[in-house]
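*Asks:* If you scroll down you'll find the structure; I have some questions about it.
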2 protein chains.
Amino acid sequence: MSTDTREQLLDTAEALFAERGFYGVSIAAIADELGLTKQALLHHFGTKEKLYGEVLKRISNTFETAQIEARQTGDDPVTQLKSFLLFQLTAVSTDQARAALLMRELLDNKRRADTASTWYLKPFLESLVEMVQAVPAWANASEAAALATAYQLLGAINYYAVSGPTLVGIFGDSRVGALDAAFPGQFEALIDAALSSRS
Amino acid sequence: MSTDTREQLLDTAEALFAERGFYGVSIAAIADELGLTKQALLHHFGTKEKLYGEVLKRISNTFETAQIEARQTGDDPVTQLKSFLLFQLTAVSTDQARAALLMRELLDNKRRADTASTWYLKPFLESLVEMVQAVPAWANASEAAALATAYQLLGAINYYAVSGPTLVGIFGDSRVGALDAAFPGQFEALIDAALSSRS
DNA sequence: GTTACGACTTACCGCTTGGTAAGTTTTGTA
DNA sequence: TACAAAACTTACCAAGCGGTAAGTCGTAAC
């Protein structure tokens with residue numbers, strides 16, 4: 001079926017872009033993975049840039065969906081925010097490739113002309129700020145302060161997700177295993193600490 | 001002078017690698033920036049990989065130097081750790097290109113064959129763990145727990161440093177200005193909170 | 001004053017890249 | 001069964017890539 005091939009191409013492209021970056025992957029390599037020629041890929045997406053854009057768009061869609069779901073629970077703001085951040089942690093640990101791809105995009109998008117797909121983070125971040133400000137202790141905090149804290153927590157998650165292989169290289173499998181085990185607990189403590197302490 | 005050209009090539013390479021990544025920059029582009037041919041560059045460094053390796057080595061050296069200096073102050077462990085992390089924050093904010101390059105290396109090095117230059121972060125991280133464990137409240141914490149927290153704080157810094165241009169695109173200059181102003185204060189609060197709360 | 005060496009250039013090579021053009025095969029539809 | 005559109009392929013291209021080979025040029029040593 002046609003959409004099947006398209007989706008498969010997007011899957012493959014996402015994985016390879018995450019692993020090697022935009023310039024590190026040729027469209028021929030992506031098509032090859034599915035036993036196709038690069039012209040088959042170009043038939044579906046036109047150019048390499050457009051393919052990349054569609055990969056980003058797809059990610060952005062799943063992002064928004066997940067967040068909308070998270071905010072529909074009736075929990076109190078603190079619980080809601082905590083469970084959302086911890087969900088982000090597991091999501092990002094489960095799909096490290098996706099985290100890597102988004103990190104690469106963060107590094108690259110200042111150069112990319114296509115600004116439309118670039119700000120996939122916008123609704124995500126704005127929603128996150130609202131969630132922080134919904135916490136009673138933060139009710140009258142400035143947007144900047146709330147965003148700073150939210151962003152610090154987000155950074156803790158994403159930097160970690162992206163560092164896996166390097167950390168294994170440095171500390172070895174067993175010590176990283178211990179780190180993986182300790183991380184969520186420490187992160188939860190960090191969230192609590194961050195939410196209760198306003199400077 | 002000859003070493004001058006070498007150093008200039010390293011400067012240019014560092015800037016371009018940070019901006020576009022290893023595969024996004026050709027050696028011709030680097031040499032061109034100084035009005036040289038790519039063969040002049042190859043004369044000095046042999047291959048593109050070796051040039052990249054020397055860029056990393058140079059960064060790694062300045063890293064170690066800064067850390068050794070930080071630990072030579074006679075301050076108490078908490079102050080020492082706090083001032084070191086805050087120094088990292090300003091360093092990384094000042095030289096965002098360097099932060100970007102290191103983030104790229106974090107993403108790419110699992111693929112790179114040359115393992116020698118790969119673990120430039122090792123002494124840095126090990127020293128950081130020692131600094132955490134020197135804090136009285138953390139004296140008998142596991143290495144994993146100390147590393148997790150240290151790494152979370154490091155992530156908060158680096159993710160932020162790398163997000164600058166994207167955040168401006170999302171929120172605009174003025175709101176990012178407010179964020180920049182709020183960030184260090186919030187980060188200091190986060191350090192305090194993290195150090196005082198062990199899970 | 002020749003020799004030697006470092007710093008560079010011009011010329012070239014084989015290979016890969018993203019993309020175009022022009023076909024062929026498959027598939028769904030009337 | 002005819003036909004159009006979608007899903008591909010083969011053939012090709014100009015440009016760019018990292019790297020080699022073979023020199024030129026200026027300068028410092030003896």
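Every chain in the structure tokens takes a letter, A first, then B, and so on in the order presented; its residues are numbered from 1, and the ligands are numbered from 1 following the presented order.
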Present chain A as a PDB file with C-alpha atoms, in the first residue's frame, least-squares fitted onto chain B over all of its C-alpha atoms paired in order.
*Replies:*
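What follows is the written file selection-v4.pdb:
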```pdb
ATOM      1  CA  MET A   1      53.911  32.592  11.562  1.00  0.00           C
ATOM      2  CA  SER A   2      53.021  28.913  11.307  1.00  0.00           C
ATOM      3  CA  THR A   3      51.462  28.135  14.697  1.00  0.00           C
ATOM      4  CA  ASP A   4      49.409  31.262  14.247  1.00  0.00           C
ATOM      5  CA  THR A   5      47.764  29.873  11.132  1.00  0.00           C
ATOM      6  CA  ARG A   6      47.244  26.557  12.854  1.00  0.00           C
ATOM      7  CA  GLU A   7      45.545  28.217  15.796  1.00  0.00           C
ATOM      8  CA  GLN A   8      43.437  30.356  13.511  1.00  0.00           C
ATOM      9  CA  LEU A   9      42.338  27.265  11.630  1.00  0.00           C
ATOM     10  CA  LEU A  10      41.372  25.617  14.907  1.00  0.00           C
ATOM     11  CA  ASP A  11      39.406  28.704  15.932  1.00  0.00           C
ATOM     12  CA  THR A  12      37.551  28.819  12.644  1.00  0.00           C
ATOM     13  CA  ALA A  13      36.935  25.088  12.635  1.00  0.00           C
ATOM     14  CA  GLU A  14      35.578  25.212  16.184  1.00  0.00           C
ATOM     15  CA  ALA A  15      33.149  27.979  15.304  1.00  0.00           C
ATOM     16  CA  LEU A  16      31.929  26.331  12.113  1.00  0.00           C
ATOM     17  CA  PHE A  17      31.670  22.822  13.553  1.00  0.00           C
ATOM     18  CA  ALA A  18      29.649  24.254  16.420  1.00  0.00           C
ATOM     19  CA  GLU A  19      27.323  26.033  14.037  1.00  0.00           C
ATOM     20  CA  ARG A  20      26.788  23.374  11.402  1.00  0.00           C
ATOM     21  CA  GLY A  21      28.125  20.106  12.739  1.00  0.00           C
ATOM     22  CA  PHE A  22      30.853  17.876  11.405  1.00  0.00           C
ATOM     23  CA  TYR A  23      29.079  16.946   8.184  1.00  0.00           C
ATOM     24  CA  GLY A  24      27.671  20.405   7.642  1.00  0.00           C
ATOM     25  CA  VAL A  25      31.090  21.989   7.178  1.00  0.00           C
ATOM     26  CA  SER A  26      33.571  21.307   4.406  1.00  0.00           C
ATOM     27  CA  ILE A  27      37.265  21.726   4.994  1.00  0.00           C
ATOM     28  CA  ALA A  28      37.278  24.067   2.014  1.00  0.00           C
ATOM     29  CA  ALA A  29      34.805  26.326   3.822  1.00  0.00           C
ATOM     30  CA  ILE A  30      37.018  26.444   6.902  1.00  0.00           C
ATOM     31  CA  ALA A  31      40.150  27.281   4.925  1.00  0.00           C
ATOM     32  CA  ASP A  32      38.245  29.789   2.813  1.00  0.00           C
ATOM     33  CA  GLU A  33      37.343  31.805   5.894  1.00  0.00           C
ATOM     34  CA  LEU A  34      41.049  32.595   6.289  1.00  0.00           C
ATOM     35  CA  GLY A  35      41.702  33.078   2.584  1.00  0.00           C
ATOM     36  CA  LEU A  36      43.499  29.754   2.303  1.00  0.00           C
ATOM     37  CA  THR A  37      42.946  26.701   0.169  1.00  0.00           C
ATOM     38  CA  LYS A  38      41.735  23.468   1.681  1.00  0.00           C
ATOM     39  CA  GLN A  39      45.131  21.925   0.924  1.00  0.00           C
ATOM     40  CA  ALA A  40      46.739  24.366   3.315  1.00  0.00           C
ATOM     41  CA  LEU A  41      44.428  22.982   5.976  1.00  0.00           C
ATOM     42  CA  LEU A  42      45.205  19.408   4.996  1.00  0.00           C
ATOM     43  CA  HIS A  43      48.873  20.263   5.184  1.00  0.00           C
ATOM     44  CA  HIS A  44      48.448  21.156   8.840  1.00  0.00           C
ATOM     45  CA  PHE A  45      46.014  18.488   9.960  1.00  0.00           C
ATOM     46  CA  GLY A  46      46.136  15.623   7.515  1.00  0.00           C
ATOM     47  CA  THR A  47      42.437  14.777   7.484  1.00  0.00           C
ATOM     48  CA  LYS A  48      39.158  16.372   8.468  1.00  0.00           C
ATOM     49  CA  GLU A  49      38.719  13.873  11.304  1.00  0.00           C
ATOM     50  CA  LYS A  50      42.086  14.787  12.784  1.00  0.00           C
ATOM     51  CA  LEU A  51      41.239  18.456  12.632  1.00  0.00           C
ATOM     52  CA  TYR A  52      38.005  17.763  14.481  1.00  0.00           C
ATOM     53  CA  GLY A  53      39.873  15.712  17.039  1.00  0.00           C
ATOM     54  CA  GLU A  54      42.282  18.534  17.724  1.00  0.00           C
ATOM     55  CA  VAL A  55      39.426  20.955  18.181  1.00  0.00           C
ATOM     56  CA  LEU A  56      37.985  18.632  20.841  1.00  0.00           C
ATOM     57  CA  LYS A  57      41.317  18.154  22.528  1.00  0.00           C
ATOM     58  CA  ARG A  58      41.828  21.876  22.833  1.00  0.00           C
ATOM     59  CA  ILE A  59      38.439  22.285  24.481  1.00  0.00           C
ATOM     60  CA  SER A  60      39.084  19.396  26.807  1.00  0.00           C
ATOM     61  CA  ASN A  61      42.314  21.044  27.950  1.00  0.00           C
ATOM     62  CA  THR A  62      40.675  24.336  28.891  1.00  0.00           C
ATOM     63  CA  PHE A  63      37.975  22.342  30.697  1.00  0.00           C
ATOM     64  CA  GLU A  64      40.428  20.591  32.941  1.00  0.00           C
ATOM     65  CA  THR A  65      42.394  23.728  33.675  1.00  0.00           C
ATOM     66  CA  ALA A  66      39.279  25.623  34.747  1.00  0.00           C
ATOM     67  CA  GLN A  67      38.163  22.843  37.039  1.00  0.00           C
ATOM     68  CA  ILE A  68      41.515  22.456  38.736  1.00  0.00           C
ATOM     69  CA  GLU A  69      41.519  26.152  39.470  1.00  0.00           C
ATOM     70  CA  ALA A  70      37.997  26.005  40.876  1.00  0.00           C
ATOM     71  CA  ARG A  71      38.868  23.314  43.365  1.00  0.00           C
ATOM     72  CA  GLN A  72      41.916  25.094  44.687  1.00  0.00           C
ATOM     73  CA  THR A  73      39.879  27.702  46.539  1.00  0.00           C
ATOM     74  CA  GLY A  74      39.642  27.067  50.269  1.00  0.00           C
ATOM     75  CA  ASP A  75      35.861  27.493  50.388  1.00  0.00           C
ATOM     76  CA  ASP A  76      33.540  25.042  52.065  1.00  0.00           C
ATOM     77  CA  PRO A  77      32.191  22.270  49.812  1.00  0.00           C
ATOM     78  CA  VAL A  78      28.739  23.762  49.269  1.00  0.00           C
ATOM     79  CA  THR A  79      30.096  27.151  48.276  1.00  0.00           C
ATOM     80  CA  GLN A  80      32.726  25.528  46.144  1.00  0.00           C
ATOM     81  CA  LEU A  81      30.211  23.438  44.241  1.00  0.00           C
ATOM     82  CA  LYS A  82      27.747  26.269  43.882  1.00  0.00           C
ATOM     83  CA  SER A  83      30.304  28.713  42.572  1.00  0.00           C
ATOM     84  CA  PHE A  84      31.654  26.096  40.205  1.00  0.00           C
ATOM     85  CA  LEU A  85      28.226  25.363  38.721  1.00  0.00           C
ATOM     86  CA  LEU A  86      27.412  29.047  38.445  1.00  0.00           C
ATOM     87  CA  PHE A  87      30.762  29.564  36.775  1.00  0.00           C
ATOM     88  CA  GLN A  88      29.843  26.830  34.343  1.00  0.00           C
ATOM     89  CA  LEU A  89      26.578  28.605  33.653  1.00  0.00           C
ATOM     90  CA  THR A  90      28.278  31.879  32.769  1.00  0.00           C
ATOM     91  CA  ALA A  91      31.015  30.128  30.811  1.00  0.00           C
ATOM     92  CA  VAL A  92      28.506  28.241  28.752  1.00  0.00           C
ATOM     93  CA  SER A  93      26.330  31.323  28.243  1.00  0.00           C
ATOM     94  CA  THR A  94      29.341  33.349  27.142  1.00  0.00           C
ATOM     95  CA  ASP A  95      30.577  30.773  24.700  1.00  0.00           C
ATOM     96  CA  GLN A  96      27.445  29.173  23.361  1.00  0.00           C
ATOM     97  CA  ALA A  97      29.280  27.886  20.311  1.00  0.00           C
ATOM     98  CA  ARG A  98      31.455  25.726  22.500  1.00  0.00           C
ATOM     99  CA  ALA A  99      28.440  24.382  24.355  1.00  0.00           C
ATOM    100  CA  ALA A 100      26.820  23.562  21.039  1.00  0.00           C
ATOM    101  CA  LEU A 101      29.908  21.761  19.830  1.00  0.00           C
ATOM    102  CA  LEU A 102      30.085  19.623  22.952  1.00  0.00           C
ATOM    103  CA  MET A 103      26.400  18.823  22.655  1.00  0.00           C
ATOM    104  CA  ARG A 104      26.936  17.726  19.089  1.00  0.00           C
ATOM    105  CA  GLU A 105      29.810  15.555  20.189  1.00  0.00           C
ATOM    106  CA  LEU A 106      27.571  14.004  22.815  1.00  0.00           C
ATOM    107  CA  LEU A 107      25.150  13.101  20.030  1.00  0.00           C
ATOM    108  CA  ASP A 108      27.747  11.885  17.590  1.00  0.00           C
ATOM    109  CA  ASN A 109      30.523  10.175  19.454  1.00  0.00           C
ATOM    110  CA  LYS A 110      28.865   6.785  19.653  1.00  0.00           C
ATOM    111  CA  ARG A 111      29.484   6.603  15.936  1.00  0.00           C
ATOM    112  CA  ARG A 112      33.024   7.956  15.927  1.00  0.00           C
ATOM    113  CA  ALA A 113      35.867   5.491  15.954  1.00  0.00           C
ATOM    114  CA  ASP A 114      38.372   7.735  17.679  1.00  0.00           C
ATOM    115  CA  THR A 115      37.572   6.979  21.294  1.00  0.00           C
ATOM    116  CA  ALA A 116      40.591   8.709  22.730  1.00  0.00           C
ATOM    117  CA  SER A 117      39.258  12.230  22.325  1.00  0.00           C
ATOM    118  CA  THR A 118      35.746  11.119  23.120  1.00  0.00           C
ATOM    119  CA  TRP A 119      35.846  10.843  26.845  1.00  0.00           C
ATOM    120  CA  TYR A 120      36.949  14.380  27.495  1.00  0.00           C
ATOM    121  CA  LEU A 121      34.054  14.492  29.925  1.00  0.00           C
ATOM    122  CA  LYS A 122      35.407  11.751  32.129  1.00  0.00           C
ATOM    123  CA  PRO A 123      37.735  13.658  34.465  1.00  0.00           C
ATOM    124  CA  PHE A 124      35.251  16.485  34.486  1.00  0.00           C
ATOM    125  CA  LEU A 125      32.371  14.284  35.621  1.00  0.00           C
ATOM    126  CA  GLU A 126      34.423  12.331  38.114  1.00  0.00           C
ATOM    127  CA  SER A 127      35.632  15.499  39.700  1.00  0.00           C
ATOM    128  CA  LEU A 128      32.070  16.785  39.839  1.00  0.00           C
ATOM    129  CA  VAL A 129      30.912  13.661  41.655  1.00  0.00           C
ATOM    130  CA  GLU A 130      33.669  14.152  44.201  1.00  0.00           C
ATOM    131  CA  MET A 131      32.549  17.713  44.737  1.00  0.00           C
ATOM    132  CA  VAL A 132      28.975  16.593  45.407  1.00  0.00           C
ATOM    133  CA  GLN A 133      30.135  13.902  47.803  1.00  0.00           C
ATOM    134  CA  ALA A 134      32.223  16.452  49.669  1.00  0.00           C
ATOM    135  CA  VAL A 135      29.011  18.159  50.722  1.00  0.00           C
ATOM    136  CA  PRO A 136      28.274  16.952  54.268  1.00  0.00           C
ATOM    137  CA  ALA A 137      24.644  16.004  53.596  1.00  0.00           C
ATOM    138  CA  TRP A 138      25.789  13.883  50.660  1.00  0.00           C
ATOM    139  CA  ALA A 139      28.795  12.295  52.298  1.00  0.00           C
ATOM    140  CA  ASN A 140      27.375   8.790  52.353  1.00  0.00           C
ATOM    141  CA  ALA A 141      25.273   9.046  49.201  1.00  0.00           C
ATOM    142  CA  SER A 142      25.911   6.487  46.502  1.00  0.00           C
ATOM    143  CA  GLU A 143      28.003   7.484  43.566  1.00  0.00           C
ATOM    144  CA  ALA A 144      24.986   6.926  41.352  1.00  0.00           C
ATOM    145  CA  ALA A 145      22.784   9.289  43.346  1.00  0.00           C
ATOM    146  CA  ALA A 146      25.461  11.971  43.429  1.00  0.00           C
ATOM    147  CA  LEU A 147      26.110  11.595  39.736  1.00  0.00           C
ATOM    148  CA  ALA A 148      22.414  11.701  38.925  1.00  0.00           C
ATOM    149  CA  THR A 149      21.972  14.985  40.708  1.00  0.00           C
ATOM    150  CA  ALA A 150      25.170  16.473  39.317  1.00  0.00           C
ATOM    151  CA  TYR A 151      24.121  15.443  35.860  1.00  0.00           C
ATOM    152  CA  GLN A 152      20.668  16.918  36.238  1.00  0.00           C
ATOM    153  CA  LEU A 153      22.189  20.266  37.149  1.00  0.00           C
ATOM    154  CA  LEU A 154      24.624  20.036  34.273  1.00  0.00           C
ATOM    155  CA  GLY A 155      21.757  19.224  31.941  1.00  0.00           C
ATOM    156  CA  ALA A 156      19.816  22.255  33.101  1.00  0.00           C
ATOM    157  CA  ILE A 157      22.761  24.446  32.144  1.00  0.00           C
ATOM    158  CA  ASN A 158      23.679  22.937  28.832  1.00  0.00           C
ATOM    159  CA  TYR A 159      20.211  22.461  27.464  1.00  0.00           C
ATOM    160  CA  TYR A 160      19.557  26.105  28.165  1.00  0.00           C
ATOM    161  CA  ALA A 161      22.789  27.253  26.571  1.00  0.00           C
ATOM    162  CA  VAL A 162      21.977  25.408  23.406  1.00  0.00           C
ATOM    163  CA  SER A 163      18.391  26.596  23.122  1.00  0.00           C
ATOM    164  CA  GLY A 164      19.004  30.328  22.769  1.00  0.00           C
ATOM    165  CA  PRO A 165      18.098  30.919  19.136  1.00  0.00           C
ATOM    166  CA  THR A 166      15.126  28.573  19.241  1.00  0.00           C
ATOM    167  CA  LEU A 167      13.746  30.264  22.345  1.00  0.00           C
ATOM    168  CA  VAL A 168      14.079  33.655  20.687  1.00  0.00           C
ATOM    169  CA  GLY A 169      12.131  32.285  17.743  1.00  0.00           C
ATOM    170  CA  ILE A 170       9.385  31.032  20.003  1.00  0.00           C
ATOM    171  CA  PHE A 171       9.090  33.763  22.615  1.00  0.00           C
ATOM    172  CA  GLY A 172      10.705  36.782  20.988  1.00  0.00           C
ATOM    173  CA  ASP A 173      13.657  38.866  22.104  1.00  0.00           C
ATOM    174  CA  SER A 174      12.107  40.668  25.034  1.00  0.00           C
ATOM    175  CA  ARG A 175      10.631  37.615  26.731  1.00  0.00           C
ATOM    176  CA  VAL A 176      13.894  35.733  26.287  1.00  0.00           C
ATOM    177  CA  GLY A 177      15.695  38.706  27.767  1.00  0.00           C
ATOM    178  CA  ALA A 178      13.502  38.316  30.847  1.00  0.00           C
ATOM    179  CA  LEU A 179      14.269  34.602  30.855  1.00  0.00           C
ATOM    180  CA  ASP A 180      18.002  35.264  30.680  1.00  0.00           C
ATOM    181  CA  ALA A 181      17.684  37.589  33.626  1.00  0.00           C
ATOM    182  CA  ALA A 182      15.667  35.105  35.661  1.00  0.00           C
ATOM    183  CA  PHE A 183      17.647  32.012  34.835  1.00  0.00           C
ATOM    184  CA  PRO A 184      20.728  32.326  37.080  1.00  0.00           C
ATOM    185  CA  GLY A 185      18.639  33.120  40.145  1.00  0.00           C
ATOM    186  CA  GLN A 186      16.338  30.198  39.537  1.00  0.00           C
ATOM    187  CA  PHE A 187      19.302  27.985  38.891  1.00  0.00           C
ATOM    188  CA  GLU A 188      20.945  28.954  42.143  1.00  0.00           C
ATOM    189  CA  ALA A 189      17.703  28.101  43.913  1.00  0.00           C
ATOM    190  CA  LEU A 190      17.685  24.793  42.103  1.00  0.00           C
ATOM    191  CA  ILE A 191      21.227  23.992  43.247  1.00  0.00           C
ATOM    192  CA  ASP A 192      20.349  24.790  46.848  1.00  0.00           C
ATOM    193  CA  ALA A 193      17.230  22.691  46.609  1.00  0.00           C
ATOM    194  CA  ALA A 194      19.030  19.782  45.012  1.00  0.00           C
ATOM    195  CA  LEU A 195      21.828  19.775  47.579  1.00  0.00           C
ATOM    196  CA  SER A 196      19.517  19.923  50.569  1.00  0.00           C
ATOM    197  CA  SER A 197      17.086  17.260  49.401  1.00  0.00           C
ATOM    198  CA  ARG A 198      18.251  13.722  49.224  1.00  0.00           C
ATOM    199  CA  SER A 199      15.638  11.196  48.234  1.00  0.00           C
TER     200      SER A 199
END
```
*Asks:* Would you tabulate, counting only C-alpha atoms (C1' of nucleotides), all residues of chain D that have an atom at most 9 Å from an atom of chain A, showing the closest pair of atoms and their distance in Å to one decimal, sorted by chain then ascending number, as a tab-separated table?
*Replies:*
```
residue	atom	partner	partner_atom	distance
D:DA6	C1'	A:Ser2	CA	8.4
D:DA7	C1'	A:Ser2	CA	7.5
D:DC8	C1'	A:Ala40	CA	6.0
D:DT9	C1'	A:Thr37	CA	7.8
```
*Asks:* Would you mind exporting N, CA and C atoms (P, O5', C5', C4', C3', O3' and C1' of nucleotides) of the selected residues as a PDB file, in the first residue's frame?
*Replies:*
```pdb
ATOM      1  P    DA D   6      -2.521  10.641  -8.582  1.00  0.00           P
ATOM      2  O5'  DA D   6      -1.787   9.565  -7.673  1.00  0.00           O
ATOM      3  C5'  DA D   6      -2.500   8.413  -7.264  1.00  0.00           C
ATOM      4  C4'  DA D   6      -1.564   7.235  -7.149  1.00  0.00           C
ATOM      5  C3'  DA D   6      -0.243   7.537  -6.417  1.00  0.00           C
ATOM      6  O3'  DA D   6      -0.095   6.585  -5.383  1.00  0.00           O
ATOM      7  C1'  DA D   6       0.164   6.400  -8.463  1.00  0.00           C
ATOM      8  P    DA D   7       1.163   6.580  -4.433  1.00  0.00           P
ATOM      9  O5'  DA D   7       2.119   5.505  -5.139  1.00  0.00           O
ATOM     10  C5'  DA D   7       1.711   4.142  -5.187  1.00  0.00           C
ATOM     11  C4'  DA D   7       2.830   3.304  -5.775  1.00  0.00           C
ATOM     12  C3'  DA D   7       4.203   3.566  -5.118  1.00  0.00           C
ATOM     13  O3'  DA D   7       4.887   2.339  -4.953  1.00  0.00           O
ATOM     14  C1'  DA D   7       4.352   3.890  -7.433  1.00  0.00           C
ATOM     15  P    DC D   8       6.152   2.288  -3.967  1.00  0.00           P
ATOM     16  O5'  DC D   8       7.247   3.104  -4.774  1.00  0.00           O
ATOM     17  C5'  DC D   8       8.425   2.475  -5.120  1.00  0.00           C
ATOM     18  C4'  DC D   8       8.455   2.142  -6.636  1.00  0.00           C
ATOM     19  C3'  DC D   8       9.833   2.250  -7.241  1.00  0.00           C
ATOM     20  O3'  DC D   8      10.603   1.104  -6.941  1.00  0.00           O
ATOM     21  C1'  DC D   8       8.113   3.023  -8.739  1.00  0.00           C
ATOM     22  P    DT D   9      12.144   1.238  -6.917  1.00  0.00           P
ATOM     23  O5'  DT D   9      12.512   1.195  -8.476  1.00  0.00           O
ATOM     24  C5'  DT D   9      12.085   0.098  -9.289  1.00  0.00           C
ATOM     25  C4'  DT D   9      12.656   0.276 -10.694  1.00  0.00           C
ATOM     26  C3'  DT D   9      14.160   0.535 -10.694  1.00  0.00           C
ATOM     27  O3'  DT D   9      14.823  -0.331 -11.584  1.00  0.00           O
ATOM     28  C1'  DT D   9      13.020   2.281 -11.859  1.00  0.00           C
TER      29       DT D   9
END
```
*Asks:* What is the C1' of DT27 in chain D to C1' of DA11 in chain C distance in Å?
*Replies:*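 One can read the C1' of DT27 in chain D to C1' of DA11 in chain C distance as 26.1 Å.
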*Asks:* Would you give me, as a VMD selection string, the residues in chain B that DSSP reads as alpha helix (DSSP H)?
*Replies:* chain B and resid 2 to 20 27 to 33 38 to 45 48 to 71 77 to 94 96 to 108 122 to 133 143 to 196
*Asks:* Could you work out which residues of chain C fall inside 10 Å of chain A? Count only C-alpha atoms (C1' of nucleotides), and format the result as a ChimeraX atom specification.
*Replies:* /C:16-19,27
*Asks:* Deliver the residues from the most recent selection as a file, using N, CA and C atoms (P, O5', C5', C4', C3', O3' and C1' of nucleotides), as a PDB file, in the first residue's frame.
*Replies:*
```pdb
ATOM      1  P    DT C  16      30.949   5.695  -3.272  1.00  0.00           P
ATOM      2  O5'  DT C  16      30.092   6.952  -2.806  1.00  0.00           O
ATOM      3  C5'  DT C  16      30.582   7.784  -1.764  1.00  0.00           C
ATOM      4  C4'  DT C  16      29.761   9.048  -1.707  1.00  0.00           C
ATOM      5  C3'  DT C  16      28.249   8.811  -1.792  1.00  0.00           C
ATOM      6  O3'  DT C  16      27.648   9.347  -0.623  1.00  0.00           O
ATOM      7  C1'  DT C  16      28.956  10.557  -3.258  1.00  0.00           C
ATOM      8  P    DT C  17      26.091   9.269  -0.380  1.00  0.00           P
ATOM      9  O5'  DT C  17      25.567  10.706  -0.794  1.00  0.00           O
ATOM     10  C5'  DT C  17      26.127  11.866  -0.182  1.00  0.00           C
ATOM     11  C4'  DT C  17      25.682  13.109  -0.921  1.00  0.00           C
ATOM     12  C3'  DT C  17      24.199  13.120  -1.290  1.00  0.00           C
ATOM     13  O3'  DT C  17      23.467  13.654  -0.213  1.00  0.00           O
ATOM     14  C1'  DT C  17      25.576  13.938  -3.087  1.00  0.00           C
ATOM     15  P    DG C  18      21.916  13.415  -0.117  1.00  0.00           P
ATOM     16  O5'  DG C  18      21.335  14.517  -1.121  1.00  0.00           O
ATOM     17  C5'  DG C  18      21.531  15.890  -0.830  1.00  0.00           C
ATOM     18  C4'  DG C  18      20.958  16.713  -1.971  1.00  0.00           C
ATOM     19  C3'  DG C  18      19.459  16.518  -2.203  1.00  0.00           C
ATOM     20  O3'  DG C  18      18.872  17.770  -2.525  1.00  0.00           O
ATOM     21  C1'  DG C  18      20.659  15.890  -4.150  1.00  0.00           C
ATOM     22  P    DG C  19      17.294  17.844  -2.863  1.00  0.00           P
ATOM     23  O5'  DG C  19      17.246  17.679  -4.441  1.00  0.00           O
ATOM     24  C5'  DG C  19      17.916  18.645  -5.250  1.00  0.00           C
ATOM     25  C4'  DG C  19      17.790  18.265  -6.711  1.00  0.00           C
ATOM     26  C3'  DG C  19      16.366  17.918  -7.168  1.00  0.00           C
ATOM     27  O3'  DG C  19      15.965  18.860  -8.162  1.00  0.00           O
ATOM     28  C1'  DG C  19      17.968  16.367  -7.992  1.00  0.00           C
ATOM     29  P    DT C  27       0.092  -4.373  -7.475  1.00  0.00           P
ATOM     30  O5'  DT C  27      -1.049  -3.262  -7.492  1.00  0.00           O
ATOM     31  C5'  DT C  27      -0.720  -1.913  -7.108  1.00  0.00           C
ATOM     32  C4'  DT C  27      -1.928  -1.014  -7.342  1.00  0.00           C
ATOM     33  C3'  DT C  27      -3.281  -1.704  -7.127  1.00  0.00           C
ATOM     34  O3'  DT C  27      -4.112  -0.861  -6.365  1.00  0.00           O
ATOM     35  C1'  DT C  27      -3.264  -0.611  -9.196  1.00  0.00           C
TER      36       DT C  27
END
```
